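J.: Sharing a structure with you now.
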Amino acid sequence: MSLFDKYAPLQARVDVMMKMGRDALGLQFDDIISTTRARIGNREILLAGTNNYLGLTFDEDCMKAAKDAVDNHGTGTTGSRIANGTYSEHIDLEKSLADHLGMPSCIVFTTGYQTNLSAISGLAGDKDVVFMDADAHACIIDGTRLTGASTIRFRHNNPEDLDKRLKRQGEIEGGNALVVIEGLYSMFGDVAPIDEFVEVTHNHGGYLFIDEAHSYGVFGPTGCGLAEEQGVLDKVDFISGTFSKSLASVGGFCASRHPEFEILRKVMRPYMFTASATPANICAALAAVEKVKQGEALRANLKARGQQLHKGLSEMGYDLCADASPVIAVRRPNEVVAAMEWNGLMENGVYVNLAVPPGTPQSSSLLRISLSAAHTEDDINIILKAFSDLKDNQGQLMSDMSAKLQG
């Protein structure tokens with residue numbers, strides 16, 4: 001028996017996907033032309049699945065900050081934050097984010113995934129209990145696996161169910177309750193009632209941890225996220241985020257209203273034993289934070305484009321997973337149909353994300369769109385035309401799919 005035999009069912013799914021056309025989960029771009037355009041071979045593709053919410057990856061100030069950082073500090077840190085990997089720019093970015101969020105403590109990490117892995121595993125001890133939203137991201141799930149804490153899942157976006165489970169748990173002897181939710185959920189594009197979760201969590205003496213990876217920069221008067229938009233930013237205990245969405249870089253952060261959070265630098269293993277973020281990544285993110293603070297116009301356009309796309313797809317009869325937001329997910333009957341339609345969109349010059357189990361809630365198969373403030377009204381019309389063509393050519397697509405599966 002081969003070491004890889006256990007992956008035979010997965011390989012079978014990949015083989016079916018490849019019969020539909022391209023490798024949707026490993027697509028190679030030959031050139032990134034702009035925030036919203038890429039080249040594959042000789043074709044220009046409209047990008048509608050990059051999570052580049054504010055469109056800052058080609059911002060002149062962000063690019064200059066990254067280039068200057070390479071000139072001043074080289075290409076890498078070659079060490080962890082607790083060894084030789086902390087530069088003045090790491091501290092500057094932590095101070096900038098802490099100031100923006102109005103919190104006394106902020107720790108910067110090398111990736112967004114590592115952020116939740118580190119913070120959750122560092123916060124939750126053997127005697128604590130983690131209450132986690134049923135649709136939590138993989139990095140949240142994996143963070144809890146690194147702890148000795150008990151884990152209880154509650155129904156997605158349901159403060160009442162959390163309240164019941166906290167009551168059922170009762171007093172935690174020698175420990176605390178850590179409630180972990182997200183702001184904007186990355187697959188369906190639905191948002192959490194954070195204000196209600198704050199009330200329920202604190203009524204039971206617990207701590208609330210929010211992953212605002214997809215909502216930082218996008219929501220709130222100054223871009224702090226959904227906690228700010230719902231008026232409870234000062235009540236949230238921990239907020240995590242990533243640089244690879246609105247901050248146009250690679251890395252992550254966790255901020256806290258508890259100054260004691262700083263001690264976790266000495267215990268978080270993924271933080272202690274990972275090389276720190278490169279100077280270019282840190283300085284690009286630092287420049288992007290300033291853009292977020294002054295990004296009212298970017299957020300307004302992003303909201304308008306989300307409403308435009310959501311309205312157009314709804315009028316065509318597509319089954320959408322949530323209300324209008326920067327993430328719009330189109331539910332498909334199964335992953336084979338989704339893969340076939342994904343290829344159809346690519347043929348029409350539009351790139352979206354193919355999202356299938358186990359990476360999706362409720363075992364859904366999705367065509368996932370993430371919009372950017374750099375998208376124009378005309379760009380959205382191009383996306384809508386591509387989805388309209390899918391509808392018009394449904395019969396031919398199904399016939400082609402059947403032939404490929406039998407071939």
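Chain labels follow the order of the structure tokens: the first chain is A, the next B, and so on; residue numbering restarts at 1 in every chain, and ligands are counted from 1 in their shown order.
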Extract, using only C-alpha atoms, all DNA, RNA and protein residues at most 10 Å from His100 (chain A), discarding same-chain residues fewer than 5 positions from it, and format them as a tab-separated table (two decimals) with N, CA and C atoms, in the first residue's frame.
T.:
chain	number	residue	atom	x	y	z
A	94	GLU	N	3.03	47.80	14.02
A	94	GLU	CA	2.22	47.43	15.18
A	94	GLU	C	1.62	48.66	15.85
A	95	LYS	N	2.40	49.71	15.96
A	95	LYS	CA	1.90	50.95	16.57
A	95	LYS	C	0.83	51.59	15.70
A	222	THR	N	-13.73	54.49	9.39
A	222	THR	CA	-12.30	54.63	9.12
A	222	THR	C	-11.67	53.32	8.66
A	223	GLY	N	-12.52	52.34	8.30
A	223	GLY	CA	-12.01	51.09	7.77
A	223	GLY	C	-11.55	50.08	8.80
A	224	CYS	N	-11.92	50.25	10.07
A	224	CYS	CA	-11.49	49.30	11.10
A	224	CYS	C	-12.24	47.98	11.03
A	289	VAL	N	-2.02	50.94	5.48
A	289	VAL	CA	-2.84	51.33	6.64
A	289	VAL	C	-3.27	52.78	6.52
A	290	GLU	N	-2.37	53.64	6.07
A	290	GLU	CA	-2.72	55.05	5.89
A	290	GLU	C	-3.77	55.22	4.80
A	292	VAL	N	-6.06	53.00	4.11
A	292	VAL	CA	-7.31	52.51	4.71
A	292	VAL	C	-7.98	53.62	5.51
A	293	LYS	N	-7.20	54.31	6.30
A	293	LYS	CA	-7.76	55.38	7.15
A	293	LYS	C	-8.45	56.45	6.33
J.: Could you give me the residues within region 34-162 of chain A that DSSP places in strand (DSSP E or B), as a list in words?
T.: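 Across region 34-162 of chain A, those assigned strand (DSSP E or B) are Arg37, Ala38, Arg39, Ile40, Arg43, Glu44, Ile45, Leu46, Leu47, Gly49, Ser80, Ser105, Cys106, Ile107, Val108, Phe109, Val129, Val130, Phe131, Met132, Asp133, Ser150, Thr151, Ile152, Arg153 and Phe154 of chain A.
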J.: Among region 120-359 of chain A, which residues does DSSP mark as helix (DSSP H, G or I) when it is run on the backbone? Keep the chain and numbering as in the structure and answer as a ChimeraX atom specification.
T.: /A:120-123,138-145,159-169,194-203,226-229,233-235,259-266,269-272,279-293,296-315,335-347
J.: Export, as an mmCIF file, in the first residue's frame, the selected residues with C-alpha atoms.
T.:
data_model
loop_
_atom_site.group_PDB
_atom_site.id
_atom_site.type_symbol
_atom_site.label_atom_id
_atom_site.label_comp_id
_atom_site.auth_asym_id
_atom_site.auth_seq_id
_atom_site.Cartn_x
_atom_site.Cartn_y
_atom_site.Cartn_z
ATOM 1 C CA ILE A 120 -5.838 31.327 19.519
ATOM 2 C CA SER A 121 -3.357 28.663 20.593
ATOM 3 C CA GLY A 122 -1.641 31.201 22.828
ATOM 4 C CA LEU A 123 -4.814 32.522 24.441
ATOM 5 C CA ALA A 138 -9.445 26.621 8.677
ATOM 6 C CA CYS A 139 -6.884 28.735 10.543
ATOM 7 C CA ILE A 140 -9.310 29.166 13.444
ATOM 8 C CA ILE A 141 -10.012 25.443 13.547
ATOM 9 C CA ASP A 142 -6.309 24.636 13.396
ATOM 10 C CA GLY A 143 -5.561 27.201 16.103
ATOM 11 C CA THR A 144 -7.927 25.422 18.477
ATOM 12 C CA ARG A 145 -6.274 22.093 17.639
ATOM 13 C CA PRO A 159 -25.939 34.620 19.102
ATOM 14 C CA GLU A 160 -28.962 32.851 20.640
ATOM 15 C CA ASP A 161 -27.366 29.452 20.109
ATOM 16 C CA LEU A 162 -24.106 30.735 21.588
ATOM 17 C CA ASP A 163 -26.041 31.993 24.601
ATOM 18 C CA LYS A 164 -27.609 28.556 25.132
ATOM 19 C CA ARG A 165 -24.265 26.789 24.888
ATOM 20 C CA LEU A 166 -22.574 29.220 27.266
ATOM 21 C CA LYS A 167 -25.414 28.699 29.769
ATOM 22 C CA ARG A 168 -25.168 24.933 29.365
ATOM 23 C CA GLN A 169 -21.418 25.061 29.965
ATOM 24 C CA ILE A 194 -21.006 41.452 16.184
ATOM 25 C CA ASP A 195 -22.912 43.777 18.512
ATOM 26 C CA GLU A 196 -25.120 40.870 19.608
ATOM 27 C CA PHE A 197 -22.154 38.529 20.021
ATOM 28 C CA VAL A 198 -20.406 41.116 22.203
ATOM 29 C CA GLU A 199 -23.403 41.313 24.517
ATOM 30 C CA VAL A 200 -23.868 37.547 24.811
ATOM 31 C CA THR A 201 -20.173 36.838 25.334
ATOM 32 C CA HIS A 202 -19.632 39.481 27.976
ATOM 33 C CA ASN A 203 -22.868 38.626 29.799
ATOM 34 C CA LEU A 226 -17.478 45.481 11.077
ATOM 35 C CA ALA A 227 -16.918 45.959 14.807
ATOM 36 C CA GLU A 228 -16.404 49.648 14.086
ATOM 37 C CA GLU A 229 -19.374 49.763 11.710
ATOM 38 C CA LEU A 233 -14.993 48.281 18.403
ATOM 39 C CA ASP A 234 -14.042 49.357 21.928
ATOM 40 C CA LYS A 235 -15.803 46.319 23.424
ATOM 41 C CA PRO A 259 -2.374 45.274 27.436
ATOM 42 C CA GLU A 260 -1.524 41.859 28.915
ATOM 43 C CA PHE A 261 -1.765 40.432 25.391
ATOM 44 C CA GLU A 262 1.887 41.430 24.927
ATOM 45 C CA ILE A 263 3.072 38.508 27.069
ATOM 46 C CA LEU A 264 1.923 36.126 24.345
ATOM 47 C CA ARG A 265 4.995 37.063 22.304
ATOM 48 C CA LYS A 266 6.862 34.737 24.663
ATOM 49 C CA ARG A 269 5.029 28.920 19.035
ATOM 50 C CA PRO A 270 4.070 29.804 15.434
ATOM 51 C CA TYR A 271 5.219 33.374 16.190
ATOM 52 C CA MET A 272 8.389 32.365 18.035
ATOM 53 C CA PRO A 279 10.828 44.437 5.037
ATOM 54 C CA ALA A 280 9.009 44.904 1.722
ATOM 55 C CA ASN A 281 5.841 43.241 3.010
ATOM 56 C CA ILE A 282 5.890 45.190 6.260
ATOM 57 C CA CYS A 283 6.491 48.565 4.635
ATOM 58 C CA ALA A 284 3.857 47.991 1.943
ATOM 59 C CA ALA A 285 1.334 47.175 4.666
ATOM 60 C CA LEU A 286 2.387 50.210 6.688
ATOM 61 C CA ALA A 287 1.706 52.459 3.702
ATOM 62 C CA ALA A 288 -1.606 50.683 3.078
ATOM 63 C CA VAL A 289 -2.837 51.327 6.639
ATOM 64 C CA GLU A 290 -2.721 55.048 5.891
ATOM 65 C CA LYS A 291 -4.710 54.441 2.698
ATOM 66 C CA VAL A 292 -7.310 52.511 4.707
ATOM 67 C CA LYS A 293 -7.757 55.375 7.153
ATOM 68 C CA GLU A 296 -13.922 56.502 2.272
ATOM 69 C CA ALA A 297 -14.135 56.852 -1.510
ATOM 70 C CA LEU A 298 -12.662 53.385 -2.063
ATOM 71 C CA ARG A 299 -15.136 51.835 0.358
ATOM 72 C CA ALA A 300 -18.039 53.702 -1.253
ATOM 73 C CA ASN A 301 -17.165 52.406 -4.721
ATOM 74 C CA LEU A 302 -16.628 48.883 -3.417
ATOM 75 C CA LYS A 303 -20.064 48.945 -1.807
ATOM 76 C CA ALA A 304 -21.689 50.289 -4.979
ATOM 77 C CA ARG A 305 -20.074 47.645 -7.160
ATOM 78 C CA GLY A 306 -21.185 44.905 -4.773
ATOM 79 C CA GLN A 307 -24.761 46.148 -4.906
ATOM 80 C CA GLN A 308 -24.624 46.402 -8.702
ATOM 81 C CA LEU A 309 -23.368 42.839 -9.136
ATOM 82 C CA HIS A 310 -25.697 41.364 -6.523
ATOM 83 C CA LYS A 311 -28.726 43.031 -8.108
ATOM 84 C CA GLY A 312 -27.784 41.888 -11.610
ATOM 85 C CA LEU A 313 -27.166 38.262 -10.622
ATOM 86 C CA SER A 314 -30.357 38.162 -8.554
ATOM 87 C CA GLU A 315 -32.399 39.429 -11.489
ATOM 88 C CA GLU A 335 -18.835 20.655 -7.974
ATOM 89 C CA VAL A 336 -18.846 19.183 -11.498
ATOM 90 C CA VAL A 337 -21.346 21.796 -12.682
ATOM 91 C CA ALA A 338 -19.417 24.491 -10.829
ATOM 92 C CA ALA A 339 -16.150 23.434 -12.490
ATOM 93 C CA MET A 340 -17.774 23.376 -15.920
ATOM 94 C CA GLU A 341 -19.241 26.842 -15.416
ATOM 95 C CA TRP A 342 -15.976 28.159 -14.026
ATOM 96 C CA ASN A 343 -14.355 27.155 -17.301
ATOM 97 C CA GLY A 344 -17.208 28.825 -19.170
ATOM 98 C CA LEU A 345 -16.519 32.089 -17.361
ATOM 99 C CA MET A 346 -12.832 31.797 -18.165
ATOM 100 C CA GLU A 347 -13.682 31.361 -21.834
#
J.: Could you tell me how far CA of Pro326 (chain A) sits from CA of Gly183 (chain A), in Å to one decimal place?
T.: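 So the answer is 12.4 Å.
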J.: Determine, counting only C-alpha atoms, which protein, DNA and RNA residues have an atom within 9 Å of an atom of Tyr207 (chain A); residues of the same chain fewer than 3 positions away are not included. Present the result as a VMD selection string.
T.: chain A and resid 176 to 180 198 201 to 202 236 to 238
J.: Calculate how many Å separate CA of Leu25 (chain A) from CA of Gly359 (chain A), rounding to one decimal.
T.: 11.8 Å
J.: Can you pull out the residues contacting Val191 (chain A)? Cut-off 10 Å, using only C-alpha atoms, and skip same-chain residues under 5 positions away; I want them as a PyMOL selection string.
T.: chain A and resi 157+182-186+215+226+322-323+325
